[in-house]
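The structure appears below as structure tokens.
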Amino acid sequence: MQHKIDVEQLGPQGEIMAHAIEACVHCGFCLPACPTYQVLGEEMDSPRGRIFLMKEVLEGNLQMEEAQPYLDKCLGCQGCVTACPSGVPYGELISTYRGWSEPQRHRSPFQKLFRIGLQETLPYPARFRAAARLGRLGKLVQPLLPPMLKAPLELLPEALPQSEPLPEIIPALGERRARVAFLAGCAQQVLQPGFNRATLRVLAQNGVEVVIPKGQSCCGALALHTGERGRALQFARTNLKAFAGDYDAILTNAAGCGSGLKEYPVLFHGEPEQAQAAQLAARVKDVSVFLLELGLKEVPPLKRPLKVAYHDACHLAHAQGVRAEPRQLLRSIPGVELVEIPEGELCCGSAGTYNLEQPAIAATLGERKARHILASGAEVVVTGNIGCFTQIQTHLKKLGRELLVLHTLELLERAYAQAALQEGPS
Amino acid sequence: MNPALTELERLFPPGRLLHKPGELVPYESDALTAFRARPLAVVLPESHAEVQAAVRWCAKHQIPYVARGSGTSLSGGSLPIDGGLLIGLNRMNRLLRLDPVERIAVVQPGFINLQVSNAAAPYGLYYAPDPSSQPVSTIGGNLAFNSGGAHCLKYGMTSNHVLAAKVVLPDGETVELGSESLENTGPDWLGLFAGSEGLLGIATEITLRLLPKPETYHTVLAAYDSLAKAGEAVAAVVASGLLPGAMEIMDSLAIEAAEAAVKAGYPLEARALLIVELEGETPQVEAEARYLEEVIQKSGAYEVRVARSNEERLKIWKGRKAAFSAVGRLSPDYIVQDGVVPRSRLGQALQAIEELSARYSLRVANVFHAGDGNLHPLILYNGRLEGELHRAEELAGEILKLCVALGGSITGEHGVGMEKKAYMTEMFREADLAAMQRIRLALDPQELANRGKMFPGETPAQSFHGAHPLEKAGVISRE
Amino acid sequence: MSAPPLQPTSAAEVQEAVRTHRRLLPRGGGSKPALSWPHEGQTVLDLSGLSGVLEYDPGEYVFVARAGTRLAEVEALLAQHGQYLPFDPPLVAQGATLGGTVAAGLSGPMRQRYGGVRDFILGVQFVDGEGQLVRGGGKVVKNAAGFDLPKLMVGSLGRLGILTEVAFKVFPAPKATATLLLDFPGLEGALEALYRLAGSPIELYALDLQPPGTLVLRLGGLPEALPARLEGLQAFLGRGGEPLSGEAETAYWRSLNELNLGEGALVKVALTARRIPALEQALGQAPRRYLSAGNLLYLAWNAELKALDTILQAQGLSGLVLKGATHRPQIGIDLGQVMGHKVTKALDPQGKFAQEPYAAQD
Ligand SMILES: Cc1cc2nc3c(=O)[nH]c(=O)nc-3n(C[C@H](O)[C@H](O)[C@H](O)COP(=O)(O)OP(=O)(O)OC[C@H]3O[C@@H](n4cnc5c(N)ncnc54)[C@H](O)[C@@H]3O)c2cc1C
Ligand code: SF4
Ligand code: SF4
């Protein structure tokens, strides 16, 4: 699409945005893939509409505030990226745009406080743990709170698991087949330490030595996707250092963190660390991809056949194009029957902090997802992302159906350990 | 706020009446972004009654309006009218009835084409018209544009598969056109409505015919070292007496783009790809396949592949169907053309297009429904380069004139809309256009419905590139 | 009858006729007399002199012909190149013309395979009520420019304009055909089989129901595939039926084309299979045949047309009398609606082609 964006004035970030807008031919193929368009049915809340809005703002034809409500509603799920035949890098566009627009935005003091609160807690496991404890107290007074505060509380578990400090090196069991670095993630460490435990065990069992480099931080995705580019850069610089060593791969077990690391080249576009960022990004792999490439050690058959639905986390499927590998991994567990979730490409509404900032849409999507999962006839739902995990669990529960929800690696771990899969959430 | 708008506010709840700049901007174009116009407001009706109310409001206040489905028109068909009302039908997207026994589906206009086939699939049925935009375009838009697709050679276009429609006429009256029968005992009013590009009314309920899915498909992909050879192969298939379900050609630029978009596994070095698909009962298709193989062998294809599974077949088609948008990877801008030439003139037309492309020094990618002689030259240009758009438009015009000169048409399926109205006079004489105009005026004396489209010489909409002459003259303005 | 018929031999003469006459009724071959029987004050315009195929290129699947061209002539020409009119128009031997077939909107049994006359017409040229020569559509198999006037003329009964030229899409004819007659004990069984067939991927050229309980199926395609397909069809139905092939088969369908169903008026009814049981109850002894999976009924009515009109009204169906003494060939429910009235008046403002002169206030 034609544009008159003043790229000179906007600099390297402007180049990224202009390139994306130019690639859009306004064909609308992304509409059916966009969760907000599906729910809201308005052109402003579609990828094509948002691209148009951003273009107009960047060209100076439209007040930023006019476009903001619709851009805020974007989940960043990148369903549109998968659907787009023209190869529009929408993910890069929206992140960059948010980084560009955030400093110029007027937000109410309350909103500011809320956002700062999120930015200052979620990426830091210790702080998040403390906040979550407080939040549990908050649950008592939840009915009295405004929706903006209610949403996060709903997603908190009843009880927080024990914190488990992670060792720096986890040796391979048996012959060492590979040596990798692992990004431990932030919120997931607090909410679901079981994810990391299972991941590390399965890796060890498969002969992988795992290093959890000290000094790593949050990947910065949360900050980047909410327009806090400065903060994101800070995190990313820390990680560039922490993961500089020589590893066979840098692994993540959270879709959002994986795609966050892979976005470093865009984040650093025009910065001195650009090349280094590209190098790091090239080595990042989701643990499911890595295990499949490595060759999974034989898994003993399940005690009974099990219908498993694999939920595509957007940041795996759409942002990283990882769809087949986790499925193949699950299929290599004898006894697992994989079922597909209808409308599986559509986001569950979790999307990072989205369900905190746009609770109504997030809830609609969450319920829609939960219903589709139930329709699939699955006994267990498996996913590769903490956000999806929480969202799906919450909404299944709201529908009164407590299906077992697991991380992909948790299912694998249980299969290796021959543990029962019928019991409730760990 | 303007008093008429206040009245509209009473008809539509806040979320479904859009009039702030941020709400209007995304509606300013359809898939032809060379044109833009800002409507006064957008309404999103959810029922027949609301469509009728909106149309009545337009009639009362003499405000022109445009209906919009998914806004994928490639000819500016759903381009709004400056200061007019845009009636967005995408929320009227329910399947009202699916009767597998009678093989019909009744849908609201915003229902998506592909969803019809999806809903019918469990019964072994499908909806035949398959425009490449089928995952996104609406049945309402398809009906208004009589959209076609790759599989129209054998079973026809949208209008051959729509049985009935409930229509709000431009004065707000409702009529029911057609019936569930394939036959009729009077004039074919529905036939007139189909393809009338939104000028004769808004369809709010559409009855579609479903067909049983063919038992077998036999999909052949043949690679050629020249476009001409592929074109001749099509003629040879036709001459052999075979009637394939689809015959499509893509040239090297289109192949490159499609391959980049969906990794269909096309042979990248080919100068032209021919896709031929046979469909039907297995013994018949098997017998036809033998003849087809002979014809293709003789046609000088240097590589021939046959889809061995449904996945392989779908992959071949996915590449073809993504080709238009995928060309966006090759160029920041392009114009999609939609001319038709007699099949026997395909080679000649392609040759001429190649020459024109060289003369204008603009790349032209070709993707076309070869079986129908329906060409889709995609003219690649960069609108940021001074004068390039103008050159591209001139080239597009030359191609259209060429099609008419060869005895064809200026549009096979994308419609006239905004883009090709100036070329209507190439195809029709004054008396022909006058008769059409009389029909239109009989139903819409104020020319409210899709004003400025299809008929040559009416007020052009806002062009994206630079100010409109009226704007320069201070007659109209943009915010 | 008022004036003797006019016999134009060119479009210009048709224009002249329209300009100089108050009320006109076009007639092609006269094979559907109920549609070309003039009212008081109507002058008959005999178009049989406006004849001849103008363009035909078998490689295009397209031909253009003058409206008065006889179907027989067209079919013979097409057959030379292994092609045919897929909508299978009736009354070929009775001298039906292209224009008359379009204006009456008539298709035959083989419409089942690829569609009816509306699905194959590509272009028209006609003279409107003001004597203007109007062209619509085109001469290529696909065309989306302008309003679809060709489709509009299908079934227009000469009331929207006088057709002077038509363009059609054609298809390669099946290289071999075979027919299967199946007797069912009653209507119910026959209808059930009809529905099963219509919903199956079996591609029939004809799917007729001859009441009370006979299905007549026609297969077409490559000769080498036909035996296997016939067997498949019999297996699908679980019965052998009575196969027809060769000359007997061709003769069977040729004779049906004449629609000599029985004594009385020949009437066409548009319907769907769902309506058949109720209609069967009402129609009594009238000889009849349902075509194209129950979408089309031709019947011979040897009683007052008023009675048939009442039956059709009660069933919510519309009919068209093709042969028989009537000034009101359209029977059953009134298909008129405001869009139709307005468009008719747009093309024929003075009512030159109207059945009745326009009322004064119109
Ligand atoms: C990538 C791409 C590929 C395409 N491929 C094809 C193809 O293969 N074949 C083809 O034929 N077209 C194709 N098109 C063109 C386009 O998709 C079709 O014209 C389609 O029918 C438009 O549907 P829509 O829902 O987007 O309608 P819109 O663009 O929203 O509207 C189209 C026209 O229909 C009118 N309209 C919409 N709804 C109604 C209604 N309910 N009642 C009356 N009028 C209405 C509008 O006013 C407008 O004039 C393609 C487009 C794109 C972008
Ligand atoms: S699919 Fe891609 S090119 Fe098409 S409108 Fe959406 S983002 Fe733009
Ligand atoms: S990222 Fe997701 S929500 Fe945002 S525009 Fe794309 S598909 Fe829609």
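Here's how to read the names in the structure tokens: chain A, B, ... by the order shown, residue numbers from 1 in each chain, ligand numbers from 1 in the order shown.
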Kindly provide, as JSON, numbers by chain, all nucleotide and amino acid residues lying within 8 Å of ligand 3, counting only C-alpha atoms and all ligand atoms. {"A": [30, 31, 33, 34, 35, 36, 37, 45, 46, 47, 48, 50, 71, 73, 74, 75, 76, 77, 78, 79, 80, 81, 90, 91, 94, 347]}
Restricting the output to C-alpha atoms, write the selected residues as a CSV table (one decimal), in the first residue's frame.
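Generated file (part_17.csv):
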chain,number,residue,atom,x,y,z
A,30,CYS,CA,-6.2,-11.5,7.5
A,31,LEU,CA,-9.8,-10.7,8.6
A,33,ALA,CA,-7.7,-14.9,11.3
A,34,CYS,CA,-8.1,-11.9,13.6
A,35,PRO,CA,-9.7,-12.6,17.0
A,36,THR,CA,-10.8,-9.0,17.6
A,37,TYR,CA,-12.4,-8.8,14.2
A,45,ASP,CA,-10.4,-3.8,15.0
A,46,SER,CA,-9.0,-5.8,12.1
A,47,PRO,CA,-5.4,-6.1,11.1
A,48,ARG,CA,-6.1,-4.4,7.8
A,50,ARG,CA,-5.1,-1.2,12.2
A,71,LEU,CA,-4.6,-0.4,18.4
A,73,LYS,CA,-7.3,-3.9,21.4
A,74,CYS,CA,-4.8,-5.7,19.3
A,75,LEU,CA,-3.7,-8.9,21.0
A,76,GLY,CA,-0.4,-9.0,19.2
A,77,CYS,CA,-1.3,-12.7,18.6
A,78,GLN,CA,0.0,-12.5,15.0
A,79,GLY,CA,-2.8,-14.6,13.7
A,80,CYS,CA,-2.8,-12.1,10.8
A,81,VAL,CA,0.8,-12.8,10.0
A,90,TYR,CA,2.5,-7.1,11.4
A,91,GLY,CA,4.1,-8.2,14.7
A,94,ILE,CA,2.6,-3.2,16.0
A,347,CYS,CA,-6.0,-16.7,20.1
Enumerate residues in contact with ligand 1: an atom-to-atom distance of at most 6 Å, counting only C-alpha atoms and all ligand atoms. Format the result as a PyMOL selection string. (chain A and resi 27) or (chain B and resi 31+66-74+77-78+109+131-133+137-138+140-142+144-145+147-149+197-198+201-204+324-325+413-414)
Those selected residues, please, written with N, CA and C atoms and delivered as a short mmCIF file (atom, residue, chain, number, x, y, z; two decimals), in the first residue's frame.
data_model
loop_
_atom_site.label_atom_id
_atom_site.label_comp_id
_atom_site.auth_asym_id
_atom_site.auth_seq_id
_atom_site.Cartn_x
_atom_site.Cartn_y
_atom_site.Cartn_z
N CYS A 27 -5.91 -6.60 1.13
CA CYS A 27 -6.74 -7.63 0.53
C CYS A 27 -7.74 -8.24 1.51
N ALA B 31 -10.21 -3.30 -1.53
CA ALA B 31 -8.90 -3.87 -1.87
C ALA B 31 -8.23 -3.13 -3.03
N VAL B 66 -23.31 3.09 0.17
CA VAL B 66 -22.62 1.94 -0.41
C VAL B 66 -22.74 0.79 0.58
N ALA B 67 -23.08 -0.38 0.09
CA ALA B 67 -23.07 -1.56 0.94
C ALA B 67 -21.67 -2.15 0.91
N ARG B 68 -21.30 -2.76 2.01
CA ARG B 68 -19.97 -3.35 2.06
C ARG B 68 -20.02 -4.69 2.77
N GLY B 69 -19.36 -5.67 2.16
CA GLY B 69 -19.25 -6.97 2.81
C GLY B 69 -17.94 -7.02 3.55
N SER B 70 -16.94 -7.65 2.92
CA SER B 70 -15.62 -7.69 3.53
C SER B 70 -14.67 -6.68 2.91
N GLY B 71 -15.18 -5.90 1.99
CA GLY B 71 -14.32 -4.87 1.38
C GLY B 71 -13.15 -5.45 0.62
N THR B 72 -13.38 -6.53 -0.13
CA THR B 72 -12.28 -7.10 -0.92
C THR B 72 -12.45 -6.83 -2.40
N SER B 73 -13.39 -5.99 -2.74
CA SER B 73 -13.56 -5.66 -4.15
C SER B 73 -12.26 -5.12 -4.72
N LEU B 74 -11.94 -5.56 -5.92
CA LEU B 74 -10.70 -5.11 -6.55
C LEU B 74 -10.96 -4.00 -7.55
N GLY B 77 -15.55 -1.34 -5.84
CA GLY B 77 -17.00 -1.52 -5.68
C GLY B 77 -17.50 -1.12 -4.31
N SER B 78 -16.72 -1.40 -3.29
CA SER B 78 -17.19 -1.04 -1.94
C SER B 78 -16.50 0.22 -1.42
N PRO B 109 -26.17 -11.86 4.31
CA PRO B 109 -25.22 -11.42 3.28
C PRO B 109 -23.77 -11.41 3.74
N PRO B 131 -14.16 -17.96 -5.59
CA PRO B 131 -13.20 -16.88 -5.83
C PRO B 131 -11.98 -17.08 -4.93
N SER B 132 -10.84 -16.62 -5.40
CA SER B 132 -9.63 -16.79 -4.59
C SER B 132 -9.82 -16.14 -3.22
N SER B 133 -10.70 -15.16 -3.17
CA SER B 133 -10.94 -14.47 -1.90
C SER B 133 -11.92 -15.23 -1.04
N SER B 137 -14.23 -13.20 1.43
CA SER B 137 -15.31 -12.42 0.81
C SER B 137 -16.67 -12.97 1.22
N THR B 138 -17.66 -12.08 1.21
CA THR B 138 -18.98 -12.45 1.69
C THR B 138 -19.88 -12.88 0.54
N GLY B 140 -22.85 -11.81 0.08
CA GLY B 140 -23.47 -10.58 -0.43
C GLY B 140 -22.60 -9.91 -1.47
N GLY B 141 -21.32 -9.79 -1.17
CA GLY B 141 -20.38 -9.20 -2.12
C GLY B 141 -20.25 -10.06 -3.36
N ASN B 142 -20.20 -11.37 -3.18
CA ASN B 142 -20.12 -12.31 -4.31
C ASN B 142 -21.32 -12.14 -5.24
N ALA B 144 -23.33 -9.50 -5.48
CA ALA B 144 -23.33 -8.18 -6.11
C ALA B 144 -22.34 -8.14 -7.27
N PHE B 145 -21.27 -8.90 -7.16
CA PHE B 145 -20.25 -8.88 -8.21
C PHE B 145 -20.28 -10.12 -9.10
N SER B 147 -19.33 -13.04 -8.54
CA SER B 147 -17.94 -13.48 -8.49
C SER B 147 -17.76 -14.88 -9.03
N GLY B 148 -16.62 -15.07 -9.62
CA GLY B 148 -16.28 -16.38 -10.14
C GLY B 148 -15.02 -16.89 -9.49
N GLY B 149 -14.52 -17.96 -10.00
CA GLY B 149 -13.28 -18.50 -9.45
C GLY B 149 -12.68 -19.48 -10.41
N GLU B 197 -23.68 -4.97 -8.87
CA GLU B 197 -22.67 -4.17 -8.18
C GLU B 197 -23.24 -3.22 -7.13
N GLY B 198 -24.27 -3.66 -6.48
CA GLY B 198 -24.81 -2.84 -5.40
C GLY B 198 -25.65 -1.67 -5.87
N GLY B 201 -29.80 -2.51 -5.18
CA GLY B 201 -30.35 -2.83 -3.86
C GLY B 201 -29.39 -3.64 -3.02
N ILE B 202 -29.81 -3.91 -1.80
CA ILE B 202 -28.97 -4.65 -0.87
C ILE B 202 -29.63 -5.99 -0.55
N ALA B 203 -28.92 -7.06 -0.76
CA ALA B 203 -29.45 -8.39 -0.44
C ALA B 203 -29.27 -8.63 1.05
N THR B 204 -30.32 -9.08 1.71
CA THR B 204 -30.22 -9.31 3.15
C THR B 204 -30.39 -10.78 3.52
N PHE B 324 -2.53 -13.50 -5.87
CA PHE B 324 -2.76 -12.05 -5.96
C PHE B 324 -2.06 -11.32 -4.83
N SER B 325 -2.47 -11.67 -3.63
CA SER B 325 -1.94 -10.93 -2.49
C SER B 325 -0.44 -11.13 -2.41
N GLU B 413 -14.84 -10.98 -13.75
CA GLU B 413 -15.44 -11.30 -12.45
C GLU B 413 -15.26 -10.23 -11.40
N HIS B 414 -14.35 -9.31 -11.56
CA HIS B 414 -14.14 -8.32 -10.50
C HIS B 414 -15.07 -7.13 -10.61
#
Please identify all polymer residues within 10 Å of Glu228 in chain A, counting only C-alpha atoms, omitting same-chain residues fewer than 5 positions from it, and present them as a list in words. Ser95, Thr96, Arg98, Gly99, Trp100, Ser101, Glu102, Pro103, Gln119, Gly220, Ala221, Leu222, Ala223 and Leu233 of chain A
Grab the CA of Gly194 in chain A to CA of Ala319 in chain A distance for me, in Å with one decimal place.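 CA of Gly194 in chain A sits 24.6 Å away from CA of Ala319 in chain A.
All chain B residues having an atom within 7 Å of chain A, based on only C-alpha atoms, amount to Pro21, Gly22, Glu23, Val25, Pro26, Tyr27, Ala31, Thr33, Thr72, Asn90, Arg91, Val136, Ala261, Ala322, Ser325, Ala326, Val327, Gly328, Arg329, Pro332, Asp333 and Gly383 of chain B.
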Pick the closest to Glu277 in chain B from B:Leu11, B:Ala150, B:Leu350, B:Ala120: which is it, counting only C-alpha atoms?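 Closest to Glu277 in chain B, using only C-alpha atoms: B:Ala150.
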Would you return as a PyMOL selection string the members of range 169-267 of chain A that DSSP assigns to helix (DSSP H, G or I) on this structure's backbone? chain A and resi 187-191+193-205+221-225+229-242+255-262+264-267
